[in-house]
file query_19.cif (mmCIF, C-alpha atoms and all ligand atoms)
data_query
#
loop_
_atom_site.label_atom_id
_atom_site.label_comp_id
_atom_site.auth_asym_id
_atom_site.auth_seq_id
_atom_site.Cartn_x
_atom_site.Cartn_y
_atom_site.Cartn_z
CA MET A 1 44.89 95.13 -68.50
CA ALA A 2 42.30 97.80 -69.16
CA VAL A 3 41.29 98.06 -72.75
CA ARG A 4 39.76 101.26 -73.95
CA MET A 5 36.96 100.29 -76.23
CA CYS A 6 34.20 102.24 -77.84
CA GLY A 7 31.69 101.30 -80.45
CA PHE A 8 28.08 100.58 -79.89
CA PRO A 9 26.22 98.59 -81.32
CA LYS A 10 28.85 95.87 -80.93
CA ARG A 11 27.12 94.25 -77.99
CA VAL A 12 28.79 91.85 -75.60
CA SER A 13 26.97 88.79 -74.30
CA LEU A 14 25.64 88.98 -70.76
CA ASP A 15 28.11 86.27 -69.68
CA ASP A 16 31.06 88.19 -71.11
CA ALA A 17 29.78 91.40 -69.52
CA LEU A 18 29.68 89.74 -66.10
CA ARG A 19 33.13 88.17 -66.57
CA THR A 20 34.52 91.61 -67.39
CA ILE A 21 32.80 93.21 -64.40
CA PHE A 22 33.97 90.53 -61.94
CA SER A 23 37.56 90.85 -63.15
CA HIS A 24 37.57 94.53 -62.12
CA LEU A 25 36.04 94.25 -58.65
CA LYS A 26 37.99 94.54 -55.44
CA PRO A 27 36.45 92.56 -52.57
CA LEU A 28 35.70 94.86 -49.64
CA GLY A 29 37.67 94.90 -46.39
CA LYS A 30 36.50 94.06 -42.88
CA GLU A 31 35.18 95.99 -39.92
CA SER A 32 34.07 95.17 -36.40
CA ILE A 33 30.50 96.11 -35.43
CA PRO A 34 28.06 95.51 -32.54
CA PHE A 35 26.13 92.26 -33.10
CA SER A 36 22.80 94.02 -32.69
CA ARG A 37 23.49 96.08 -35.81
CA ALA A 38 24.74 93.19 -37.94
CA LEU A 39 21.50 92.20 -39.72
CA GLY A 40 22.17 91.71 -43.42
CA ARG A 41 25.94 91.96 -42.99
CA VAL A 42 28.30 89.25 -44.21
CA LEU A 43 30.47 87.56 -41.59
CA ALA A 44 34.21 87.90 -42.14
CA GLU A 45 35.05 85.30 -39.48
CA ASP A 46 33.81 82.02 -38.07
CA VAL A 47 31.91 82.61 -34.84
CA VAL A 48 32.82 80.06 -32.16
CA SER A 49 30.83 79.81 -28.95
CA LYS A 50 32.75 80.04 -25.70
CA VAL A 51 29.81 78.77 -23.71
CA ASP A 52 27.34 75.92 -23.49
CA ILE A 53 23.72 76.63 -24.41
CA PRO A 54 21.73 76.00 -22.32
CA PRO A 55 24.29 76.79 -19.63
CA PHE A 56 22.75 74.29 -17.17
CA ASP A 57 20.30 71.37 -17.25
CA ARG A 58 16.80 72.82 -17.16
CA SER A 59 13.22 71.76 -17.46
CA ALA A 60 11.69 71.91 -20.93
CA VAL A 61 8.12 71.83 -19.59
CA ASP A 62 5.96 72.77 -16.60
CA GLY A 63 5.73 69.76 -14.29
CA TYR A 64 7.68 67.79 -11.70
CA ALA A 65 11.34 66.83 -11.55
CA VAL A 66 11.58 63.16 -10.64
CA LYS A 67 13.81 60.13 -10.72
CA ALA A 68 12.70 58.35 -13.92
CA ALA A 69 13.06 54.97 -12.20
CA ASP A 70 10.34 55.98 -9.71
CA THR A 71 7.83 56.24 -12.58
CA PHE A 72 8.63 52.93 -14.28
CA GLY A 73 5.42 51.01 -14.90
CA ALA A 74 3.17 54.02 -14.14
CA THR A 75 -0.05 54.33 -16.19
CA SER A 76 -3.32 56.17 -15.58
CA THR A 77 -4.75 53.00 -14.02
CA THR A 78 -1.58 52.04 -12.09
CA PRO A 79 -0.17 55.44 -11.03
CA LYS A 80 2.95 55.84 -8.86
CA LYS A 81 2.77 58.07 -5.81
CA LEU A 82 5.56 60.61 -5.25
CA ARG A 83 6.06 63.09 -2.42
CA VAL A 84 6.41 66.77 -3.46
CA VAL A 85 9.34 68.23 -1.50
CA GLY A 86 9.58 71.73 -2.98
CA THR A 87 9.17 74.11 -5.90
CA GLY A 88 11.86 75.38 -8.30
CA LYS A 89 11.57 78.60 -10.30
CA PRO A 90 13.22 79.91 -13.49
CA GLY A 91 15.94 82.37 -12.59
CA SER A 92 16.72 80.96 -9.19
CA LYS A 93 19.42 78.46 -8.58
CA SER A 94 18.03 75.22 -7.21
CA GLU A 95 19.32 74.17 -3.80
CA LEU A 96 16.86 71.31 -3.83
CA ARG A 97 17.83 67.68 -3.99
CA ILE A 98 15.43 64.82 -4.49
CA ARG A 99 15.68 61.31 -3.18
CA LYS A 100 13.88 58.13 -4.13
CA GLY A 101 10.08 58.59 -4.17
CA GLU A 102 10.27 62.40 -4.25
CA ALA A 103 9.36 65.12 -6.76
CA VAL A 104 9.96 68.88 -7.11
CA ARG A 105 7.48 71.14 -8.83
CA LEU A 106 9.13 73.10 -11.73
CA MET A 107 8.30 75.75 -14.31
CA THR A 108 9.67 75.63 -17.85
CA GLY A 109 13.27 76.85 -17.80
CA SER A 110 13.87 76.10 -14.10
CA PRO A 111 17.23 74.53 -13.25
CA MET A 112 16.97 70.80 -12.52
CA PRO A 113 17.27 69.91 -8.85
CA ARG A 114 20.09 67.52 -7.98
CA GLY A 115 19.12 63.86 -8.01
CA ALA A 116 16.40 64.30 -10.66
CA ASP A 117 16.84 62.87 -14.16
CA ALA A 118 13.46 63.50 -15.83
CA VAL A 119 10.49 65.86 -15.73
CA LEU A 120 6.92 64.64 -15.52
CA MET A 121 4.65 66.98 -17.48
CA ALA A 122 1.95 68.59 -15.33
CA GLU A 123 -0.67 66.94 -17.59
CA TYR A 124 0.51 63.50 -16.37
CA ALA A 125 0.64 64.42 -12.70
CA LYS A 126 -2.44 64.34 -10.48
CA PRO A 127 -1.84 66.36 -7.28
CA VAL A 128 -3.17 64.80 -4.09
CA LYS A 129 -2.39 66.96 -1.03
CA ASN A 130 1.43 67.09 -0.81
CA HIS A 131 1.81 64.17 -3.20
CA ILE A 132 1.35 63.59 -6.91
CA LEU A 133 0.23 60.55 -8.80
CA ALA A 134 2.47 59.97 -11.83
CA LEU A 135 0.21 58.72 -14.62
CA THR A 136 2.94 57.78 -17.08
CA SER A 137 6.36 56.19 -17.14
CA LEU A 138 9.42 58.32 -18.03
CA THR A 139 12.79 57.46 -19.50
CA PRO A 140 15.86 59.18 -18.01
CA GLY A 141 16.45 62.57 -19.65
CA LYS A 142 12.77 63.04 -20.60
CA ASN A 143 11.70 66.72 -20.83
CA ILE A 144 15.13 68.05 -19.83
CA SER A 145 17.05 70.56 -21.94
CA ALA A 146 20.51 69.32 -21.18
CA LYS A 147 23.44 71.70 -20.69
CA GLY A 148 25.10 72.22 -24.09
CA GLU A 149 22.44 70.36 -26.07
CA ASP A 150 21.83 73.41 -28.29
CA VAL A 151 25.40 74.70 -28.59
CA ARG A 152 28.58 73.31 -27.06
CA ALA A 153 31.47 75.49 -25.96
CA GLY A 154 34.02 75.41 -28.79
CA GLU A 155 31.39 74.82 -31.48
CA THR A 156 31.28 77.02 -34.62
CA VAL A 157 27.79 78.49 -34.69
CA LEU A 158 28.04 80.76 -37.75
CA ARG A 159 30.54 80.56 -40.58
CA ARG A 160 32.47 83.20 -42.47
CA GLY A 161 30.58 84.25 -45.60
CA ARG A 162 27.14 84.04 -44.02
CA ARG A 163 24.77 86.96 -44.54
CA LEU A 164 23.28 87.41 -41.10
CA ARG A 165 19.56 86.84 -40.60
CA PRO A 166 17.38 87.81 -37.60
CA GLU A 167 17.80 84.25 -36.23
CA ASP A 168 21.57 84.69 -36.32
CA ILE A 169 21.35 87.92 -34.31
CA GLY A 170 19.55 85.86 -31.66
CA MET A 171 22.32 83.26 -31.73
CA LEU A 172 24.95 85.98 -31.26
CA ALA A 173 22.96 87.32 -28.29
CA SER A 174 22.68 83.85 -26.76
CA ILE A 175 26.45 83.34 -26.75
CA SER A 176 27.04 86.95 -25.68
CA ARG A 177 29.11 87.73 -28.75
CA LEU A 178 29.00 91.53 -28.54
CA LYS A 179 31.10 92.38 -31.62
CA VAL A 180 31.46 90.61 -34.92
CA ARG A 181 33.82 91.08 -37.84
CA VAL A 182 31.92 91.63 -41.06
CA PHE A 183 32.79 92.75 -44.55
CA ARG A 184 32.30 96.41 -45.26
CA ARG A 185 29.14 97.48 -47.08
CA PRO A 186 29.62 98.67 -50.64
CA ASN A 187 29.14 102.38 -50.68
CA VAL A 188 27.43 103.33 -53.94
CA ALA A 189 27.08 106.76 -55.58
CA ILE A 190 24.08 107.25 -57.83
CA ILE A 191 24.07 109.95 -60.47
CA SER A 192 20.94 110.67 -62.50
CA THR A 193 21.58 112.31 -65.84
CA GLY A 194 19.01 114.08 -68.00
CA SER A 195 18.22 117.76 -68.47
CA GLU A 196 14.51 116.86 -68.39
CA LEU A 197 14.62 115.36 -64.88
CA LYS A 198 13.18 116.94 -61.72
CA PRO A 199 13.03 115.54 -58.19
CA PRO A 200 9.78 114.04 -56.86
CA GLY A 201 7.56 116.75 -55.40
CA THR A 202 8.25 119.17 -58.25
CA ARG A 203 5.35 120.53 -60.34
CA LEU A 204 6.43 119.41 -63.78
CA ASN A 205 6.00 121.38 -66.97
CA THR A 206 5.14 119.43 -70.11
CA ALA A 207 8.74 118.72 -71.07
CA GLN A 208 9.84 117.47 -67.69
CA ILE A 209 10.05 113.99 -66.20
CA MET A 210 10.23 112.87 -62.59
CA ASP A 211 13.58 111.43 -61.56
CA ILE A 212 12.59 107.89 -60.69
CA ASN A 213 15.81 105.97 -61.14
CA SER A 214 17.99 107.51 -58.48
CA TYR A 215 15.37 106.46 -55.93
CA SER A 216 14.61 102.98 -57.26
CA LEU A 217 18.32 102.25 -57.77
CA ALA A 218 19.18 103.53 -54.28
CA ALA A 219 16.52 101.21 -52.87
CA LYS A 220 17.99 98.33 -54.88
CA VAL A 221 21.43 99.07 -53.48
CA THR A 222 20.06 99.06 -49.94
CA SER A 223 18.33 95.74 -50.56
CA CYS A 224 21.70 94.33 -51.66
CA GLY A 225 23.39 95.29 -48.40
CA GLY A 226 24.99 98.47 -49.74
CA THR A 227 24.67 102.09 -48.75
CA ALA A 228 23.52 104.47 -51.46
CA GLU A 229 24.16 108.17 -51.82
CA ARG A 230 22.25 110.08 -54.46
CA LEU A 231 24.49 112.74 -55.94
CA GLY A 232 21.58 114.52 -57.57
CA ILE A 233 20.45 115.24 -61.09
CA VAL A 234 23.04 116.19 -63.68
CA PRO A 235 21.99 117.89 -66.93
CA ASP A 236 23.19 116.44 -70.23
CA GLU A 237 26.50 118.33 -70.19
CA PRO A 238 29.79 116.42 -70.27
CA GLU A 239 31.59 118.94 -68.03
CA THR A 240 28.99 118.70 -65.23
CA LEU A 241 28.98 114.91 -65.45
CA ARG A 242 32.80 114.88 -65.31
CA GLN A 243 32.75 117.00 -62.16
CA THR A 244 30.06 114.89 -60.51
CA LEU A 245 31.99 111.73 -61.39
CA GLN A 246 35.03 113.20 -59.63
CA ARG A 247 32.90 113.88 -56.54
CA ALA A 248 31.78 110.23 -56.66
CA MET A 249 35.34 108.93 -56.34
CA LYS A 250 35.13 108.45 -52.59
CA HIS A 251 32.54 105.70 -53.18
CA ASP A 252 33.25 102.04 -53.91
CA VAL A 253 30.89 101.84 -56.90
CA ILE A 254 29.32 104.47 -59.14
CA ILE A 255 26.06 104.12 -61.02
CA ILE A 256 25.14 106.63 -63.71
CA SER A 257 21.52 106.46 -64.83
CA GLY A 258 20.52 107.78 -68.24
CA GLY A 259 22.51 108.94 -71.20
CA SER A 260 23.92 105.50 -71.93
CA SER A 261 22.38 104.89 -75.34
CA VAL A 262 23.61 106.22 -78.71
CA GLY A 263 21.45 109.33 -78.86
CA GLU A 264 22.90 112.79 -79.25
CA HIS A 265 22.91 113.37 -75.50
CA ASP A 266 24.03 109.91 -74.47
CA LEU A 267 27.15 111.08 -72.89
CA ALA A 268 27.78 108.81 -69.90
CA PRO A 269 29.90 106.13 -71.61
CA GLU A 270 31.82 108.83 -73.47
CA VAL A 271 32.71 110.66 -70.28
CA VAL A 272 33.74 107.36 -68.64
CA ALA A 273 35.94 106.54 -71.64
CA GLU A 274 37.48 110.00 -71.41
CA VAL A 275 38.38 109.95 -67.71
CA GLY A 276 38.90 106.21 -67.32
CA ASP A 277 38.55 102.96 -69.24
CA LEU A 278 35.31 101.90 -70.87
CA MET A 279 35.20 98.09 -70.89
CA PHE A 280 31.99 97.54 -72.81
CA HIS A 281 29.06 99.53 -74.10
CA GLY A 282 25.98 97.57 -75.13
CA VAL A 283 24.91 94.18 -73.79
CA ALA A 284 22.95 91.61 -75.81
CA MET A 285 19.99 91.70 -73.47
CA ARG A 286 16.53 93.21 -73.34
CA PRO A 287 15.59 95.34 -71.57
CA GLY A 288 18.74 97.06 -70.37
CA GLY A 289 20.76 96.56 -73.54
CA PRO A 290 22.24 100.07 -73.67
CA SER A 291 24.29 99.49 -70.53
CA ALA A 292 27.98 100.22 -70.20
CA PHE A 293 30.71 99.45 -67.72
CA GLY A 294 34.02 101.13 -67.11
CA VAL A 295 36.68 101.70 -64.50
CA VAL A 296 37.66 105.17 -63.28
CA ASN A 297 40.48 105.47 -60.72
CA GLY A 298 40.06 101.78 -59.95
CA ARG A 299 36.36 102.16 -59.27
CA PRO A 300 33.68 100.25 -61.16
CA VAL A 301 31.29 102.60 -62.97
CA PHE A 302 28.00 101.29 -64.34
CA CYS A 303 26.09 103.30 -66.95
CA LEU A 304 22.48 102.18 -67.00
CA ALA A 305 19.84 103.16 -69.56
CA GLY A 306 17.44 105.87 -68.42
CA PHE A 307 14.18 104.02 -69.00
CA PRO A 308 13.09 103.09 -65.49
CA VAL A 309 12.45 99.43 -66.31
CA ALA A 310 15.69 99.11 -68.27
CA SER A 311 17.68 100.59 -65.40
CA LEU A 312 16.13 98.21 -62.87
CA VAL A 313 16.59 95.12 -65.03
CA ALA A 314 20.17 96.14 -65.82
CA PHE A 315 20.76 96.58 -62.10
CA ASP A 316 19.48 93.07 -61.39
CA MET A 317 21.56 91.52 -64.15
CA LEU A 318 24.81 93.51 -63.84
CA VAL A 319 25.10 95.55 -60.64
CA ARG A 320 23.55 93.24 -58.07
CA PRO A 321 25.91 90.32 -58.81
CA ALA A 322 28.81 92.77 -58.51
CA LEU A 323 27.60 94.01 -55.11
CA TRP A 324 27.30 90.44 -53.82
CA VAL A 325 30.76 89.52 -55.06
CA MET A 326 32.27 92.62 -53.41
CA GLN A 327 30.66 91.46 -50.14
CA HIS A 328 32.30 88.02 -50.60
CA LEU A 329 29.03 86.30 -51.53
CA PRO A 330 28.24 84.23 -54.63
CA PRO A 331 27.04 86.40 -57.55
CA ASP A 332 23.56 84.81 -57.57
CA TRP A 333 23.31 84.91 -53.79
CA SER A 334 19.80 86.34 -53.41
CA SER A 335 18.10 84.73 -56.36
CA LEU A 336 15.12 82.79 -55.10
CA ARG A 337 14.17 80.45 -57.96
CA VAL A 338 10.95 78.52 -58.50
CA LYS A 339 9.61 76.30 -61.28
CA VAL A 340 6.59 77.82 -63.01
CA LYS A 341 4.35 76.59 -65.82
CA LEU A 342 3.75 79.20 -68.49
CA VAL A 343 0.12 79.88 -69.36
CA ARG A 344 1.16 81.97 -72.38
CA LYS A 345 4.13 81.72 -74.69
CA ILE A 346 7.19 83.93 -74.26
CA PRO A 347 8.56 84.98 -77.64
CA SER A 348 12.22 85.94 -77.90
CA SER A 349 14.90 86.47 -80.52
CA LEU A 350 18.06 84.44 -80.83
CA GLY A 351 21.28 86.20 -79.93
CA ARG A 352 20.16 88.12 -76.86
CA VAL A 353 19.02 87.40 -73.34
CA ASP A 354 15.43 88.42 -72.66
CA VAL A 355 14.38 89.28 -69.13
CA VAL A 356 10.62 88.76 -69.09
CA ARG A 357 8.62 89.94 -66.11
CA VAL A 358 5.93 87.48 -65.06
CA ARG A 359 2.99 87.34 -62.72
CA ILE A 360 3.04 84.12 -60.66
CA TRP A 361 0.22 82.42 -58.80
CA GLY A 362 -0.53 79.03 -57.31
CA ASP A 363 -3.14 76.66 -58.76
CA SER A 364 -3.77 73.20 -57.28
CA GLY A 365 -0.26 72.79 -55.95
CA LYS A 366 1.50 74.14 -59.06
CA LEU A 367 2.90 77.57 -59.78
CA LEU A 368 1.64 79.18 -62.96
CA ALA A 369 3.15 82.21 -64.65
CA GLU A 370 2.04 84.68 -67.24
CA PRO A 371 4.33 87.14 -69.00
CA ILE A 372 3.22 90.71 -68.46
CA ARG A 373 2.38 92.35 -71.77
CA VAL A 374 4.47 95.44 -72.38
CA THR A 375 5.51 97.30 -75.43
CA GLY A 376 8.43 99.38 -74.22
CA SER A 377 10.91 99.25 -71.41
CA SER A 378 9.39 102.41 -69.96
CA ILE A 379 6.38 100.69 -68.44
CA LEU A 380 7.27 100.84 -64.77
CA SER A 381 4.00 99.20 -63.75
CA SER A 382 5.28 96.02 -65.42
CA MET A 383 7.77 95.88 -62.57
CA THR A 384 5.35 96.56 -59.76
CA LEU A 385 2.84 94.05 -61.20
CA ALA A 386 5.50 91.37 -61.63
CA ASP A 387 6.24 88.74 -59.00
CA GLY A 388 9.44 87.74 -60.73
CA PHE A 389 11.12 87.27 -64.07
CA VAL A 390 12.04 84.52 -66.50
CA ILE A 391 15.38 84.67 -68.28
CA VAL A 392 15.32 83.48 -71.88
CA PRO A 393 18.94 82.65 -72.77
CA GLY A 394 20.51 83.95 -75.96
CA ASP A 395 20.40 80.58 -77.70
CA VAL A 396 16.71 79.91 -77.01
CA GLU A 397 13.91 81.21 -79.24
CA GLY A 398 11.37 81.76 -76.50
CA PHE A 399 9.23 79.30 -74.55
CA ASP A 400 5.88 77.77 -75.61
CA ALA A 401 2.77 77.91 -73.46
CA GLY A 402 2.69 74.87 -71.18
CA THR A 403 6.47 74.76 -70.74
CA THR A 404 7.83 74.59 -67.22
CA VAL A 405 10.61 77.13 -66.75
CA GLU A 406 12.59 78.66 -63.92
CA ALA A 407 11.52 82.07 -62.58
CA GLN A 408 13.45 84.28 -60.18
CA LEU A 409 11.33 85.99 -57.59
CA TYR A 410 11.41 89.62 -56.61
CA SER A 411 11.59 89.35 -52.86
P1 LIG A 501 18.23 108.07 -71.72
O1 LIG A 501 18.80 106.74 -71.34
O2 LIG A 501 18.89 109.22 -71.02
O3 LIG A 501 18.21 108.23 -73.22
O4 LIG A 501 16.72 108.08 -71.24
C1 LIG A 501 15.75 107.25 -71.80
C2 LIG A 501 14.36 107.65 -71.30
O5 LIG A 501 14.31 107.46 -69.89
C3 LIG A 501 14.01 109.10 -71.51
O6 LIG A 501 12.63 109.15 -71.83
C4 LIG A 501 14.27 109.76 -70.20
O7 LIG A 501 13.48 110.88 -69.97
C5 LIG A 501 13.93 108.67 -69.23
N1 LIG A 501 14.72 108.79 -68.02
C6 LIG A 501 16.05 109.00 -67.95
N2 LIG A 501 16.46 109.08 -66.69
C7 LIG A 501 15.37 108.90 -65.92
C8 LIG A 501 15.16 108.89 -64.52
N3 LIG A 501 16.15 109.05 -63.64
N4 LIG A 501 13.90 108.69 -64.08
C9 LIG A 501 12.89 108.52 -64.94
N5 LIG A 501 13.03 108.52 -66.27
C10 LIG A 501 14.25 108.71 -66.77
MG MG A 502 18.86 111.18 -71.06
#

call {"tool": "encode", "arguments": {"input": "query_19.cif", "output": "structure tokens", "more": "lines below"}}
Ligand code: AMP
Ligand code: MG
result
Amino acid sequence: MAVRMCGFPKRVSLDDALRTIFSHLKPLGKESIPFSRALGRVLAEDVVSKVDIPPFDRSAVDGYAVKAADTFGATSTTPKKLRVVGTGKPGSKSELRIRKGEAVRLMTGSPMPRGADAVLMAEYAKPVKNHILALTSLTPGKNISAKGEDVRAGETVLRRGRRLRPEDIGMLASISRLKVRVFRRPNVAIISTGSELKPPGTRLNTAQIMDINSYSLAAKVTSCGGTAERLGIVPDEPETLRQTLQRAMKHDVIIISGGSSVGEHDLAPEVVAEVGDLMFHGVAMRPGGPSAFGVVNGRPVFCLAGFPVASLVAFDMLVRPALWVMQHLPPDWSSLRVKVKLVRKIPSSLGRVDVVRVRIWGDSGKLLAEPIRVTGSSILSSMTLADGFVIVPGDVEGFDAGTTVEAQLYS
């Protein structure tokens, strides 16, 4: 049940904010796409191989196909002599058959000739006219990639819910799986509000500011598997924002940057409350506290503070988990976490989550981290200098120097 709620500065905890957001998300549907375009997409089905990989027994090395028993007891001082009866090549089906005391020269990947059960590496074979001397003893199966040893027909190679990596695209190619069912990408509209904003490339007068957020947020969306459409810059006028919000209704998610605080022109949450349901306004976190979330026509709408750092941190903490969940992934799917030892203390206040950007480096096998000194949430270079961030929970009063804590890495 949607509850219309206004009233900043009654801030919700980050956990409650996320619970509220998750309860209003609709997981996205499925679509079928060519496997070669499926990088970063989330599988909506188990992929089962119909074929064996490799499809036939083949040599894993350059050398000679032999009967292992013919090499038993061979060493460099007591070699075994074998007669070379032919040469096999990758890509051509072997019609050759070997009998006792015979060998066939092979390249890596060549099909095994009938009768052979091992491959002698070229390094252990000394050619003498049309013979070789085997300098080592082989066990049956040695240096053969057996049919189906990689993947067996009927085997599940990739499971539903997997976000496909380059390696997986190779696997799909190897089993000739031309189309895969994946979950749809979240399609995200980004609206930048602020009468002072101009697009990059503009010569600014003294009162104007470059619109950073619609670009950094669009890039964030892309990195989370979504597609972003920037709907442009909207001045601080409720009517224009209302109209732009209506235009955004064909998207799955809407992000409004700027105008989310309690200043005179902080109109985004008010417009959301007017045309839909505002679920919270203000989160007990820093930076990114003046964030709001609402639902308009069933669509999640995030209002993020205009300060570039605040908008990025709020994205990481609120929007990114939502985008993963919509793609049927766990909310913390991408978070790469490492243990770091703090070289300086991180101060924090009780009652709010602090997201502290840190520089991380290795020193004699340990990772060290240093909080980046900033005064306001407008220092964008604190983000580009940072390797990751440390979350100080609401019930912790900071961390002392020397403490080992968990950091999440920016990829
Ligand atoms: P607001 O949240 O609208 O009160 O904005 C807070 C601060 O962030 C103001 O100094 C704005 O000029 C700045 N700001 C707002 N939106 C953007 C944006 N898209 N890019 C860069 N700075 C912004
Ligand atoms: Mg503004």

call {"tool": "residues_around", "arguments": {"input": "query_19.cif", "residues": "Ile132 (chain A)", "least_positions_apart": "6", "cutoff": "8 Å", "atoms": "only C-alpha atoms", "output": "list in words"}}
result
Lys81, Leu82, Arg83, Val84, Ala125 and Lys126 of chain A

call {"tool": "write_last_selection", "arguments": {"input": "query_19.cif", "atoms": "C-alpha atoms", "output": "PDB file, in the coordinates of the input"}}
result
ATOM      1  CA  LYS A  81       2.770  58.070  -5.810  1.00  0.00           C
ATOM      2  CA  LEU A  82       5.560  60.610  -5.250  1.00  0.00           C
ATOM      3  CA  ARG A  83       6.060  63.090  -2.420  1.00  0.00           C
ATOM      4  CA  VAL A  84       6.410  66.770  -3.460  1.00  0.00           C
ATOM      5  CA  ALA A 125       0.640  64.420 -12.700  1.00  0.00           C
ATOM      6  CA  LYS A 126      -2.440  64.340 -10.480  1.00  0.00           C
TER       7      LYS A 126
END

call {"tool": "axis_aligned_box", "arguments": {"input": "query_19.cif", "around": "ligand LIG 501 (chain A)", "padding_each_side": "5 Å", "output": "lines of an AutoDock Vina configuration file"}}
result
center_x = 15.8
center_y = 108.8
center_z = -68.4
size_x = 16.3
size_y = 14.1
size_z = 19.6

call {"tool": "atom_distance", "arguments": {"input": "query_19.cif", "atom1": "CA of Pro111 (chain A)", "atom2": "CA of His131 (chain A)"}}
result
21.1 Å

call {"tool": "residues_around", "arguments": {"input": "query_19.cif", "residues": "Glu149 (chain A)", "least_positions_apart": "4", "cutoff": "7 Å", "atoms": "all atoms listed in the file", "output": "PyMOL selection string"}}
result
chain A and resi 53-54+145

call {"tool": "write_last_selection", "arguments": {"input": "query_19.cif", "atoms": "C-alpha atoms", "output": "CSV table (one decimal), keeping the file's coordinate frame"}}
result
chain,number,residue,atom,x,y,z
A,53,ILE,CA,23.7,76.6,-24.4
A,54,PRO,CA,21.7,76.0,-22.3
A,145,SER,CA,17.0,70.6,-21.9

call {"tool": "closest_residue", "arguments": {"input": "query_19.cif", "among": "A:Ile190, A:Val283, A:Ala228, A:Val272", "to": "ligand LIG 501 (chain A)", "atoms": "only C-alpha atoms and all ligand atoms"}}
result
A:Ile190

call {"tool": "atom_distance", "arguments": {"input": "query_19.cif", "atom1": "CA of Val355 (chain A)", "atom2": "atom O7 of ligand LIG 501 (chain A)"}}
result
21.6 Å

call {"tool": "atom_distance", "arguments": {"input": "query_19.cif", "atom1": "CA of Leu318 (chain A)", "atom2": "CA of Met285 (chain A)"}}
result
10.9 Å

call {"tool": "closest_residue", "arguments": {"input": "query_19.cif", "among": "A:Ser32, A:Thr227, A:Ser49, A:Thr404", "to": "Val151 (chain A)", "atoms": "only C-alpha atoms"}}
result
A:Ser49

call {"tool": "closest_residue", "arguments": {"input": "query_19.cif", "among": "A:Thr193, A:Asn187, A:Ser364, A:Gln327", "to": "ligand MG 502 (chain A)", "atoms": "only C-alpha atoms and all ligand atoms"}}
result
A:Thr193

call {"tool": "residues_around", "arguments": {"input": "query_19.cif", "residues": "Met121 (chain A)", "least_positions_apart": "4", "cutoff": "12 Å", "atoms": "all atoms listed in the file", "output": "list in words"}}
result
Ser59, Ala60, Val61, Asp62, Gly63, Tyr64, Ala65, Val66, Ala103, Val104, Arg105, Leu106, Met107, Thr108, Ala125, Lys126, Ile132, Leu133, Ala134, Leu135, Thr136, Ser137, Leu138, Lys142, Asn143 and Ile144 of chain A

call {"tool": "write_last_selection", "arguments": {"input": "query_19.cif", "atoms": "C-alpha atoms", "output": "CSV table (one decimal), keeping the file's coordinate frame"}}
result
chain,number,residue,atom,x,y,z
A,59,SER,CA,13.2,71.8,-17.5
A,60,ALA,CA,11.7,71.9,-20.9
A,61,VAL,CA,8.1,71.8,-19.6
A,62,ASP,CA,6.0,72.8,-16.6
A,63,GLY,CA,5.7,69.8,-14.3
A,64,TYR,CA,7.7,67.8,-11.7
A,65,ALA,CA,11.3,66.8,-11.6
A,66,VAL,CA,11.6,63.2,-10.6
A,103,ALA,CA,9.4,65.1,-6.8
A,104,VAL,CA,10.0,68.9,-7.1
A,105,ARG,CA,7.5,71.1,-8.8
A,106,LEU,CA,9.1,73.1,-11.7
A,107,MET,CA,8.3,75.8,-14.3
A,108,THR,CA,9.7,75.6,-17.8
A,125,ALA,CA,0.6,64.4,-12.7
A,126,LYS,CA,-2.4,64.3,-10.5
A,132,ILE,CA,1.4,63.6,-6.9
A,133,LEU,CA,0.2,60.6,-8.8
A,134,ALA,CA,2.5,60.0,-11.8
A,135,LEU,CA,0.2,58.7,-14.6
A,136,THR,CA,2.9,57.8,-17.1
A,137,SER,CA,6.4,56.2,-17.1
A,138,LEU,CA,9.4,58.3,-18.0
A,142,LYS,CA,12.8,63.0,-20.6
A,143,ASN,CA,11.7,66.7,-20.8
A,144,ILE,CA,15.1,68.0,-19.8

call {"tool": "closest_residue", "arguments": {"input": "query_19.cif", "among": "A:Ile391, A:Ala292, A:Val188, A:Val128", "to": "ligand LIG 501 (chain A)", "atoms": "all atoms listed in the file"}}
result
A:Ala292

call {"tool": "closest_atom_pairs", "arguments": {"input": "query_19.cif", "of": "chain A", "to": "ligand MG 502 (chain A)", "cutoff": "10 Å", "atoms": "all atoms listed in the file", "output": "CSV"}}
result
residue,atom,partner,partner_atom,distance
A:Ser192,CA,A:MG502,MG,8.8
A:Thr193,CA,A:MG502,MG,6.0
A:Gly194,CA,A:MG502,MG,4.2
A:Ser195,CA,A:MG502,MG,7.1
A:Glu196,CA,A:MG502,MG,7.6
A:Leu197,CA,A:MG502,MG,8.6
A:Val234,CA,A:MG502,MG,9.9
A:Pro235,CA,A:MG502,MG,8.5
A:Asp236,CA,A:MG502,MG,6.9
A:Ser257,CA,A:MG502,MG,8.3
A:Gly258,CA,A:MG502,MG,4.7
A:Gly259,CA,A:MG502,MG,4.3
A:Ser260,CA,A:MG502,MG,7.7
A:Ser261,CA,A:MG502,MG,8.4
A:Gly263,CA,A:MG502,MG,8.4
A:Glu264,CA,A:MG502,MG,9.3
A:His265,CA,A:MG502,MG,6.4
A:Asp266,CA,A:MG502,MG,6.3
A:Leu267,CA,A:MG502,MG,8.5
A:Ala268,CA,A:MG502,MG,9.3
A:Ala305,CA,A:MG502,MG,8.2
A:Gly306,CA,A:MG502,MG,6.1
A:Phe307,CA,A:MG502,MG,8.8
